Amino acid sequence: MPQTLDAAEVRNWCSLALEALGREREEIDAINVYPVADGDTGTNLYLTVESAAQAVEAVFAAHETGATVPGPADAVRAMAHGALIGAKGNSGTILAQLLRGMAEVLTAPAPDGSPAGDRIAAALRRAAGLARAAVAHPVEGTMLSVASAAAEAAEAAAEAAEAAAERGARDGAPGDGAATVRAAYAGARAALDATPDQLAVLARAGVVDAGGRGLLAVLGALVQSVTGEAPAAFPVRKRRSEEHAAPAAVTPCPADDGPSFEVIYLLEADDSAVARLRDRLDRLGDSLVIGGGDGLWNVHVHVDDAGAAVEAGVEAGRPYRIRISHFGAAAEERTARTQRAVVAVVPGEGLAGLCADAGATTVLARPGEPPASGELVEAIRRAHAREVVLLPNDTGLHHTAAAAAEQARADGVRVALIPTRAAVQGLAALAVHQPERRFDEDVVAMTTAAGATRYAELAVAERQSWTMAGICQAGDVLGLIDGDVAVIGAGLAATAEAVLSRMLAAGGELVTLVLGEDVPDALADRLEEYVRDGYLAVDTVVYRGGRQSVPLLVGVE
């Protein structure tokens, strides 16, 4: 076990946390009743961790040119900074402060022989303390309680390991960071289960704290990154007892139940100015959280006078990335929007032009650079429609697209996410799109068309590897059908024919071929002839995809 987390473990932690929050986002949103029942805690935590993960990836990308690996301190600092600048909502700001607290300890010089367990426990303790200090009026039964319990359990585990070592025991010897993170998770899980006993609003709703639920997912990802094993998941359930009625769904609080606006901004200011700002904002509203340090802060507050909250920031320093959200529906803006639009993620410039000609707003997914949820939200806003159909066209983007859809819904846009897994499925959906139909009918038709389209892609193996079709060597052409390697070949044309043979064996009426930038037209001519000669009732259409991650995409409808 390394003395602390290394850079690869930090990167893996961010990736696993983002994956976990993507899976659990809707569940966490559904139990969000405190401090405002606006159903966005899971989404806010996902977007905050997404920003942290992007910052870590940027550090690794910067080192790739020099063929070096970033140090642990670089990765941890990037994670904390990314979370700070991308924090969303009350829960996201608190999580960013938790990560900052951990970073302060993990990046500081460690005494010689300092056990990993002690360092991780100290990092969790600093994180809990810093997060609590960031909240103007800490409340028990929230993610603050869960963070404190994780720190206490980690400290107890580290102390027990040290005591065992002094007795000469081998199990749990100092340096066992795995035992420490497991204990932290167990402590957090127990604290989360107890949150309804600490906060009456949770008990009345029959739920555990949403922010604490999200924090548990992040800690579970830490356990998996350090130990290689995922901890037992928290039950997908609401906490209920016989005397607590089970709510059908969380209903957003009307604006007159509390402040009308959520105000968030980044602020460049010194510590003394932030202290004065904290006092002023505390008088203006509630749910005040100010996280950060070293001259850069993330300010979050709920107020009735949004202008006064921003003005206070101007007086304290330089606020930017200012976001003001009304807790009610933005009805006036809706009336100015067009009725319906389609937003599609596409893997190449050629398909972007094709989809744009069909009326879609496109987001380009460059090879190795999938779009973030923020890019999808901007595309939805750019479409300026009351109703939007979102086509991610990539299985790996489904969580990202779901988070973007949730954000857009908060802006008053009706969004339907069709879980398309490939660009050819998106093309099939777009082909049957009819904006004059009722929204639900249009979505059903597009979903049906996408679901009826099998998809394949041809890629070139970069190294020897085990696949579902056997062992491939570097340079082999791989034919992937519905995401799994089905054919291994030596040439692009022969492998493509083998893929088409397998796909058309189950029937089909239309073959779609999307050629990469460097693929010659002769390949399309050969494949069209292959389909025409062997499958008389099947038509073929060919598109130029431009620069895309694979040389050939195939669809069969």
# chains A, B, ... in the order shown; residues from 1 in each chain; ligands from 1

call {"tool": "residues_around", "arguments": {"residues": "Val541 of chain A", "least_positions_apart": "6", "cutoff": "8 Å", "atoms": "only C-alpha atoms", "output": "list in words"}}
result
Leu510, Val511, Thr512 and Leu513 of chain A

call {"tool": "write_last_selection", "arguments": {"atoms": "N, CA, C and O atoms", "output": "compact mmCIF listing (two decimals), in the first residue's frame"}}
result
# COMPACT_ATOMS: atom_id res chain seq x y z
N LEU A 510 -32.42 -1.74 -44.47
CA LEU A 510 -31.57 -0.62 -44.86
C LEU A 510 -30.23 -0.73 -44.14
O LEU A 510 -30.18 -0.91 -42.92
N VAL A 511 -29.15 -0.62 -44.90
CA VAL A 511 -27.80 -0.59 -44.34
C VAL A 511 -27.28 0.84 -44.45
O VAL A 511 -27.34 1.46 -45.52
N THR A 512 -26.77 1.36 -43.33
CA THR A 512 -26.16 2.69 -43.32
C THR A 512 -24.67 2.53 -43.09
O THR A 512 -24.25 1.86 -42.14
N LEU A 513 -23.87 3.14 -43.96
CA LEU A 513 -22.42 3.12 -43.83
C LEU A 513 -21.92 4.54 -43.62
O LEU A 513 -22.26 5.44 -44.40

call {"tool": "select_by_dssp", "arguments": {"residues": "segment 57-125 of chain A", "states": "alpha helix (DSSP H)", "output": "PyMOL selection string"}}
result
chain A and resi 57-64+72-86+89-106+116-125

call {"tool": "residues_around", "arguments": {"residues": "Ala103 of chain A", "least_positions_apart": "6", "cutoff": "9 Å", "atoms": "only C-alpha atoms", "output": "list in words"}}
result
Ala73, Val76, Arg77, Met79, Ala80, Ala123 and Ala127 of chain A

call {"tool": "write_last_selection", "arguments": {"atoms": "N, CA and C atoms", "output": "PDB file, in the first residue's frame"}}
result
ATOM      1  N   ALA A  73       0.425  14.916  -5.735  1.00  0.00           N
ATOM      2  CA  ALA A  73       0.004  16.248  -5.320  1.00  0.00           C
ATOM      3  C   ALA A  73      -0.669  16.995  -6.468  1.00  0.00           C
ATOM      4  N   VAL A  76      -4.235  15.527  -6.880  1.00  0.00           N
ATOM      5  CA  VAL A  76      -5.140  15.870  -5.781  1.00  0.00           C
ATOM      6  C   VAL A  76      -5.515  17.349  -5.837  1.00  0.00           C
ATOM      7  N   ARG A  77      -4.535  18.210  -6.119  1.00  0.00           N
ATOM      8  CA  ARG A  77      -4.835  19.641  -6.229  1.00  0.00           C
ATOM      9  C   ARG A  77      -5.803  19.901  -7.378  1.00  0.00           C
ATOM     10  N   MET A  79      -8.023  17.844  -8.618  1.00  0.00           N
ATOM     11  CA  MET A  79      -9.340  17.361  -8.225  1.00  0.00           C
ATOM     12  C   MET A  79     -10.065  18.401  -7.376  1.00  0.00           C
ATOM     13  N   ALA A  80      -9.390  18.938  -6.367  1.00  0.00           N
ATOM     14  CA  ALA A  80     -10.012  19.906  -5.474  1.00  0.00           C
ATOM     15  C   ALA A  80     -10.346  21.202  -6.210  1.00  0.00           C
ATOM     16  N   ALA A 123      -6.729  13.386   6.606  1.00  0.00           N
ATOM     17  CA  ALA A 123      -7.326  14.089   5.476  1.00  0.00           C
ATOM     18  C   ALA A 123      -8.842  14.158   5.610  1.00  0.00           C
ATOM     19  N   ALA A 127     -11.090  17.475   6.096  1.00  0.00           N
ATOM     20  CA  ALA A 127     -12.191  17.686   5.159  1.00  0.00           C
ATOM     21  C   ALA A 127     -13.489  17.984   5.901  1.00  0.00           C
TER      22      ALA A 127
END

call {"tool": "closest_residue", "arguments": {"among": "A:Ile120, A:Leu219, A:Ala474, A:Leu284", "to": "Ala156 of chain A", "atoms": "only C-alpha atoms"}}
result
A:Ile120

call {"tool": "atom_distance", "arguments": {"atom1": "atom CA of Val345 of chain A", "atom2": "atom CA of Tyr265 of chain A"}}
result
29.0 Å

call {"tool": "residues_around", "arguments": {"residues": "Gly507 of chain A", "least_positions_apart": "3", "cutoff": "12 Å", "atoms": "only C-alpha atoms", "output": "list of chain:residue names"}}
result
A:Ala452, A:Thr453, A:Arg454, A:Leu500, A:Ser501, A:Arg502, A:Met503, A:Leu504, A:Leu510, A:Val511, A:Tyr535, A:Leu536, A:Ala537, A:Val538, A:Val556, A:Glu557

call {"tool": "select_by_dssp", "arguments": {"residues": "segment 177-341 of chain A", "states": "strand (DSSP E)", "output": "VMD selection string"}}
result
chain A and resid 261 to 268 285 to 293 296 to 303 318 to 326 338 to 341

call {"tool": "write_last_selection", "arguments": {"atoms": "N, CA and C atoms", "output": "JSON list (two decimals), in the first residue's frame"}}
result
[["chain", "number", "residue", "atom", "x", "y", "z"],
["A", 261, "PHE", "N", -34.51, 32.93, -4.81],
["A", 261, "PHE", "CA", -33.40, 32.77, -5.75],
["A", 261, "PHE", "C", -32.23, 32.01, -5.13],
["A", 262, "GLU", "N", -31.58, 31.24, -5.98],
["A", 262, "GLU", "CA", -30.29, 30.66, -5.63],
["A", 262, "GLU", "C", -29.22, 31.44, -6.40],
["A", 263, "VAL", "N", -28.23, 31.94, -5.67],
["A", 263, "VAL", "CA", -27.16, 32.74, -6.28],
["A", 263, "VAL", "C", -25.84, 32.01, -6.04],
["A", 264, "ILE", "N", -25.10, 31.80, -7.11],
["A", 264, "ILE", "CA", -23.80, 31.13, -7.02],
["A", 264, "ILE", "C", -22.81, 31.91, -7.87],
["A", 265, "TYR", "N", -21.61, 32.15, -7.32],
["A", 265, "TYR", "CA", -20.55, 32.73, -8.14],
["A", 265, "TYR", "C", -19.19, 32.37, -7.57],
["A", 266, "LEU", "N", -18.21, 32.42, -8.47],
["A", 266, "LEU", "CA", -16.82, 32.33, -8.04],
["A", 266, "LEU", "C", -16.37, 33.73, -7.67],
["A", 267, "LEU", "N", -15.48, 33.81, -6.69],
["A", 267, "LEU", "CA", -15.07, 35.12, -6.18],
["A", 267, "LEU", "C", -13.57, 35.13, -5.91],
["A", 268, "GLU", "N", -12.91, 36.14, -6.47],
["A", 268, "GLU", "CA", -11.51, 36.39, -6.14],
["A", 268, "GLU", "C", -11.47, 37.47, -5.06],
["A", 285, "GLY", "N", -29.97, 36.09, 3.45],
["A", 285, "GLY", "CA", -30.68, 34.87, 3.10],
["A", 285, "GLY", "C", -30.28, 33.69, 3.94],
["A", 286, "ASP", "N", -30.39, 32.48, 3.36],
["A", 286, "ASP", "CA", -30.04, 31.27, 4.10],
["A", 286, "ASP", "C", -29.30, 30.30, 3.17],
["A", 287, "SER", "N", -29.06, 29.09, 3.67],
["A", 287, "SER", "CA", -28.30, 28.06, 2.92],
["A", 287, "SER", "C", -26.98, 28.62, 2.42],
["A", 288, "LEU", "N", -26.32, 29.42, 3.24],
["A", 288, "LEU", "CA", -25.07, 30.06, 2.85],
["A", 288, "LEU", "C", -23.90, 29.10, 3.02],
["A", 289, "VAL", "N", -23.17, 28.89, 1.94],
["A", 289, "VAL", "CA", -21.95, 28.09, 1.97],
["A", 289, "VAL", "C", -20.90, 28.85, 1.16],
["A", 290, "ILE", "N", -19.75, 29.10, 1.77],
["A", 290, "ILE", "CA", -18.63, 29.73, 1.07],
["A", 290, "ILE", "C", -17.42, 28.83, 1.23],
["A", 291, "GLY", "N", -17.01, 28.23, 0.14],
["A", 291, "GLY", "CA", -15.88, 27.31, 0.17],
["A", 291, "GLY", "C", -14.72, 27.84, -0.65],
["A", 292, "GLY", "N", -13.55, 27.31, -0.39],
["A", 292, "GLY", "CA", -12.37, 27.71, -1.14],
["A", 292, "GLY", "C", -11.28, 28.24, -0.24],
["A", 293, "GLY", "N", -10.45, 29.10, -0.79],
["A", 293, "GLY", "CA", -9.33, 29.66, -0.05],
["A", 293, "GLY", "C", -8.22, 30.06, -1.00],
["A", 296, "LEU", "N", -9.40, 32.32, -3.98],
["A", 296, "LEU", "CA", -10.48, 31.90, -4.86],
["A", 296, "LEU", "C", -11.54, 31.18, -4.05],
["A", 297, "TRP", "N", -12.80, 31.62, -4.19],
["A", 297, "TRP", "CA", -13.90, 31.11, -3.38],
["A", 297, "TRP", "C", -15.09, 30.77, -4.25],
["A", 298, "ASN", "N", -15.91, 29.86, -3.77],
["A", 298, "ASN", "CA", -17.19, 29.54, -4.39],
["A", 298, "ASN", "C", -18.28, 29.94, -3.40],
["A", 299, "VAL", "N", -19.14, 30.84, -3.83],
["A", 299, "VAL", "CA", -20.17, 31.40, -2.95],
["A", 299, "VAL", "C", -21.54, 30.87, -3.37],
["A", 300, "HIS", "N", -22.29, 30.37, -2.40],
["A", 300, "HIS", "CA", -23.63, 29.83, -2.65],
["A", 300, "HIS", "C", -24.56, 30.35, -1.57],
["A", 301, "VAL", "N", -25.72, 30.91, -1.98],
["A", 301, "VAL", "CA", -26.68, 31.42, -1.00],
["A", 301, "VAL", "C", -28.07, 31.45, -1.63],
["A", 302, "HIS", "N", -29.10, 31.29, -0.80],
["A", 302, "HIS", "CA", -30.49, 31.45, -1.22],
["A", 302, "HIS", "C", -30.99, 32.79, -0.67],
["A", 303, "VAL", "N", -31.51, 33.62, -1.55],
["A", 303, "VAL", "CA", -31.93, 34.98, -1.15],
["A", 303, "VAL", "C", -33.19, 35.37, -1.90],
["A", 318, "ARG", "N", -13.79, 40.24, -6.85],
["A", 318, "ARG", "CA", -14.21, 40.12, -8.26],
["A", 318, "ARG", "C", -15.04, 38.86, -8.45],
["A", 319, "PRO", "N", -16.36, 39.00, -8.48],
["A", 319, "PRO", "CA", -17.20, 37.81, -8.74],
["A", 319, "PRO", "C", -17.30, 37.54, -10.24],
["A", 320, "TYR", "N", -17.36, 36.28, -10.62],
["A", 320, "TYR", "CA", -17.55, 35.90, -12.01],
["A", 320, "TYR", "C", -18.22, 34.53, -12.05],
["A", 321, "ARG", "N", -18.58, 34.08, -13.25],
["A", 321, "ARG", "CA", -19.41, 32.89, -13.42],
["A", 321, "ARG", "C", -20.64, 32.98, -12.53],
["A", 322, "ILE", "N", -21.28, 34.10, -12.59],
["A", 322, "ILE", "CA", -22.45, 34.35, -11.73],
["A", 322, "ILE", "C", -23.66, 33.60, -12.30],
["A", 323, "ARG", "N", -24.31, 32.83, -11.46],
["A", 323, "ARG", "CA", -25.51, 32.10, -11.87],
["A", 323, "ARG", "C", -26.63, 32.37, -10.88],
["A", 324, "ILE", "N", -27.75, 32.83, -11.40],
["A", 324, "ILE", "CA", -28.91, 33.12, -10.57],
["A", 324, "ILE", "C", -30.07, 32.26, -11.06],
["A", 325, "SER", "N", -30.63, 31.45, -10.18],
["A", 325, "SER", "CA", -31.72, 30.55, -10.55],
["A", 325, "SER", "C", -32.94, 30.86, -9.71],
["A", 326, "HIS", "N", -34.10, 30.98, -10.35],
["A", 326, "HIS", "CA", -35.35, 31.17, -9.64],
["A", 326, "HIS", "C", -35.93, 29.80, -9.32],
["A", 338, "THR", "N", -39.06, 28.32, -29.50],
["A", 338, "THR", "CA", -39.71, 27.52, -30.51],
["A", 338, "THR", "C", -40.26, 26.26, -29.84],
["A", 339, "GLN", "N", -41.07, 25.52, -30.59],
["A", 339, "GLN", "CA", -41.75, 24.41, -29.94],
["A", 339, "GLN", "C", -40.82, 23.23, -29.64],
["A", 340, "ARG", "N", -40.05, 22.75, -30.66],
["A", 340, "ARG", "CA", -39.30, 21.51, -30.42],
["A", 340, "ARG", "C", -38.00, 21.51, -31.22],
["A", 341, "ALA", "N", -36.99, 20.86, -30.64],
["A", 341, "ALA", "CA", -35.69, 20.73, -31.31],
["A", 341, "ALA", "C", -35.08, 19.39, -30.94]]

call {"tool": "residues_around", "arguments": {"residues": "Ala20 of chain A", "least_positions_apart": "4", "cutoff": "12 Å", "atoms": "only C-alpha atoms", "output": "PyMOL selection string"}}
result
chain A and resi 13-16+24-28+42-43+45-46+49-50+213-222+224+230-231+233-234+399-400

call {"tool": "write_last_selection", "arguments": {"atoms": "N, CA, C and O atoms", "output": "compact mmCIF listing (two decimals), in the first residue's frame"}}
result
# COMPACT_ATOMS: atom_id res chain seq x y z
N TRP A 13 -10.34 7.23 -8.68
CA TRP A 13 -11.36 7.64 -7.70
C TRP A 13 -12.36 8.58 -8.37
O TRP A 13 -13.58 8.41 -8.25
N CYS A 14 -11.87 9.59 -9.07
CA CYS A 14 -12.76 10.54 -9.74
C CYS A 14 -13.65 9.83 -10.75
O CYS A 14 -14.86 10.08 -10.83
N SER A 15 -13.06 8.94 -11.54
CA SER A 15 -13.82 8.23 -12.55
C SER A 15 -14.90 7.35 -11.93
O SER A 15 -16.06 7.34 -12.39
N LEU A 16 -14.55 6.63 -10.88
CA LEU A 16 -15.52 5.74 -10.23
C LEU A 16 -16.61 6.54 -9.52
O LEU A 16 -17.78 6.13 -9.51
N GLU A 24 -26.69 6.72 -9.62
CA GLU A 24 -27.58 6.99 -8.49
C GLU A 24 -28.17 8.40 -8.52
O GLU A 24 -28.91 8.77 -7.60
N ARG A 25 -27.88 9.15 -9.56
CA ARG A 25 -28.31 10.55 -9.61
C ARG A 25 -29.82 10.70 -9.44
O ARG A 25 -30.29 11.51 -8.62
N GLU A 26 -30.60 9.93 -10.19
CA GLU A 26 -32.05 10.08 -10.12
C GLU A 26 -32.58 9.72 -8.74
O GLU A 26 -33.49 10.38 -8.22
N GLU A 27 -32.02 8.66 -8.16
CA GLU A 27 -32.46 8.26 -6.81
C GLU A 27 -32.17 9.37 -5.80
O GLU A 27 -32.99 9.68 -4.94
N ILE A 28 -30.97 9.96 -5.91
CA ILE A 28 -30.61 11.03 -4.97
C ILE A 28 -31.48 12.26 -5.20
O ILE A 28 -31.95 12.89 -4.24
N GLY A 42 -28.60 15.16 -6.52
CA GLY A 42 -27.82 14.17 -7.26
C GLY A 42 -27.19 14.77 -8.51
O GLY A 42 -26.03 14.51 -8.82
N THR A 43 -27.96 15.58 -9.21
CA THR A 43 -27.44 16.24 -10.41
C THR A 43 -26.31 17.19 -10.07
O THR A 43 -25.27 17.22 -10.75
N LEU A 45 -24.25 17.13 -7.48
CA LEU A 45 -23.06 16.39 -7.08
C LEU A 45 -22.39 15.76 -8.30
O LEU A 45 -21.15 15.75 -8.41
N TYR A 46 -23.17 15.25 -9.22
CA TYR A 46 -22.60 14.67 -10.44
C TYR A 46 -21.81 15.72 -11.21
O TYR A 46 -20.68 15.48 -11.64
N VAL A 49 -18.49 16.61 -9.41
CA VAL A 49 -17.46 15.57 -9.59
C VAL A 49 -17.01 15.51 -11.04
O VAL A 49 -15.84 15.25 -11.32
N GLU A 50 -17.91 15.76 -11.97
CA GLU A 50 -17.52 15.80 -13.37
C GLU A 50 -16.45 16.86 -13.60
O GLU A 50 -15.46 16.64 -14.30
N ARG A 213 -26.24 10.90 1.01
CA ARG A 213 -26.30 9.73 0.11
C ARG A 213 -25.28 9.87 -1.02
O ARG A 213 -24.61 8.92 -1.41
N GLY A 214 -25.16 11.09 -1.54
CA GLY A 214 -24.18 11.33 -2.59
C GLY A 214 -22.76 11.21 -2.08
O GLY A 214 -21.88 10.65 -2.75
N LEU A 215 -22.51 11.73 -0.87
CA LEU A 215 -21.17 11.62 -0.28
C LEU A 215 -20.79 10.16 -0.07
O LEU A 215 -19.63 9.77 -0.27
N LEU A 216 -21.75 9.34 0.33
CA LEU A 216 -21.47 7.92 0.51
C LEU A 216 -21.03 7.28 -0.80
O LEU A 216 -20.13 6.44 -0.83
N ALA A 217 -21.64 7.69 -1.91
CA ALA A 217 -21.24 7.17 -3.22
C ALA A 217 -19.80 7.56 -3.54
O ALA A 217 -19.03 6.76 -4.07
N VAL A 218 -19.41 8.79 -3.19
CA VAL A 218 -18.04 9.25 -3.43
C VAL A 218 -17.05 8.48 -2.56
O VAL A 218 -15.98 8.08 -3.02
N LEU A 219 -17.42 8.23 -1.31
CA LEU A 219 -16.55 7.45 -0.43
C LEU A 219 -16.47 5.99 -0.88
O LEU A 219 -15.41 5.36 -0.76
N GLY A 220 -17.56 5.46 -1.38
CA GLY A 220 -17.52 4.10 -1.91
C GLY A 220 -16.57 3.99 -3.08
O GLY A 220 -15.86 2.99 -3.24
N ALA A 221 -16.52 5.03 -3.91
CA ALA A 221 -15.57 5.05 -5.03
C ALA A 221 -14.13 5.10 -4.53
O ALA A 221 -13.24 4.50 -5.12
N LEU A 222 -13.90 5.82 -3.43
CA LEU A 222 -12.56 5.86 -2.83
C LEU A 222 -12.16 4.48 -2.34
O LEU A 222 -11.01 4.04 -2.56
N GLN A 224 -13.18 1.61 -3.49
CA GLN A 224 -12.92 0.77 -4.66
C GLN A 224 -11.58 1.12 -5.31
O GLN A 224 -10.85 0.24 -5.77
N ALA A 230 -15.41 -2.97 -4.66
CA ALA A 230 -16.51 -2.05 -4.36
C ALA A 230 -17.19 -2.47 -3.06
O ALA A 230 -17.45 -3.66 -2.85
N PRO A 231 -17.48 -1.53 -2.16
CA PRO A 231 -18.17 -1.89 -0.92
C PRO A 231 -19.63 -2.22 -1.18
O PRO A 231 -20.17 -1.92 -2.26
N ALA A 233 -23.32 -1.84 -1.51
CA ALA A 233 -24.06 -0.62 -1.84
C ALA A 233 -25.11 -0.34 -0.77
O ALA A 233 -25.65 -1.25 -0.14
N PHE A 234 -25.38 0.95 -0.57
CA PHE A 234 -26.46 1.35 0.32
C PHE A 234 -27.77 0.94 -0.34
O PHE A 234 -27.94 1.13 -1.55
N HIS A 399 -24.96 8.82 -18.76
CA HIS A 399 -25.02 9.51 -17.47
C HIS A 399 -24.82 11.01 -17.66
O HIS A 399 -25.49 11.84 -17.03
N THR A 400 -23.88 11.38 -18.51
CA THR A 400 -23.62 12.79 -18.78
C THR A 400 -24.86 13.46 -19.39
O THR A 400 -25.24 14.56 -18.99

call {"tool": "atom_distance", "arguments": {"atom1": "atom CA of Tyr185 of chain A", "atom2": "atom CA of Ala147 of chain A"}}
result
9.7 Å

call {"tool": "closest_residue", "arguments": {"among": "A:Ala37, A:Leu523, A:Ala352, A:Ala401", "to": "Pro370 of chain A", "atoms": "only C-alpha atoms"}}
result
A:Ala401

call {"tool": "residues_around", "arguments": {"residues": "Ala522 of chain A", "least_positions_apart": "4", "cutoff": "12 Å", "atoms": "only C-alpha atoms", "output": "number ranges by chain"}}
result
A: 492-493, 515, 518, 526-529, 542

call {"tool": "decode", "arguments": {"residues": "segment 308-320 of chain A", "atoms": "N, CA, C and O atoms", "output": "tab-separated table (two decimals), in the first residue's frame"}}
result
chain	number	residue	atom	x	y	z
A	308	ALA	N	-28.70	42.14	-4.53
A	308	ALA	CA	-27.93	42.50	-3.34
A	308	ALA	C	-26.84	41.47	-3.06
A	308	ALA	O	-25.75	41.83	-2.61
A	309	ALA	N	-27.13	40.19	-3.34
A	309	ALA	CA	-26.14	39.15	-3.10
A	309	ALA	C	-24.95	39.31	-4.06
A	309	ALA	O	-23.79	39.12	-3.67
A	310	VAL	N	-25.23	39.66	-5.31
A	310	VAL	CA	-24.15	39.88	-6.27
A	310	VAL	C	-23.38	41.16	-5.92
A	310	VAL	O	-22.15	41.20	-6.01
A	311	GLU	N	-24.11	42.20	-5.53
A	311	GLU	CA	-23.47	43.46	-5.16
A	311	GLU	C	-22.52	43.26	-3.98
A	311	GLU	O	-21.42	43.83	-3.95
A	312	ALA	N	-22.91	42.42	-3.05
A	312	ALA	CA	-22.03	42.13	-1.91
A	312	ALA	C	-20.74	41.47	-2.38
A	312	ALA	O	-19.65	41.74	-1.85
A	313	GLY	N	-20.84	40.62	-3.40
A	313	GLY	CA	-19.65	40.00	-3.96
A	313	GLY	C	-18.76	41.01	-4.65
A	313	GLY	O	-17.52	40.93	-4.55
A	314	VAL	N	-19.36	41.97	-5.34
A	314	VAL	CA	-18.58	43.01	-6.02
A	314	VAL	C	-17.80	43.83	-5.01
A	314	VAL	O	-16.64	44.20	-5.23
A	315	GLU	N	-18.42	44.11	-3.89
A	315	GLU	CA	-17.75	44.89	-2.86
A	315	GLU	C	-16.63	44.09	-2.19
A	315	GLU	O	-15.64	44.68	-1.72
A	316	ALA	N	-16.77	42.76	-2.18
A	316	ALA	CA	-15.75	41.93	-1.54
A	316	ALA	C	-14.56	41.66	-2.45
A	316	ALA	O	-13.43	41.46	-1.97
A	317	GLY	N	-14.77	41.63	-3.76
A	317	GLY	CA	-13.69	41.29	-4.68
A	317	GLY	C	-14.19	41.25	-6.11
A	317	GLY	O	-14.97	42.11	-6.53
A	318	ARG	N	-13.79	40.24	-6.85
A	318	ARG	CA	-14.21	40.12	-8.26
A	318	ARG	C	-15.04	38.86	-8.45
A	318	ARG	O	-14.49	37.75	-8.57
A	319	PRO	N	-16.36	39.00	-8.48
A	319	PRO	CA	-17.20	37.81	-8.74
A	319	PRO	C	-17.30	37.54	-10.24
A	319	PRO	O	-17.31	38.46	-11.05
A	320	TYR	N	-17.36	36.28	-10.62
A	320	TYR	CA	-17.55	35.90	-12.01
A	320	TYR	C	-18.22	34.53	-12.05
A	320	TYR	O	-18.43	33.90	-11.01
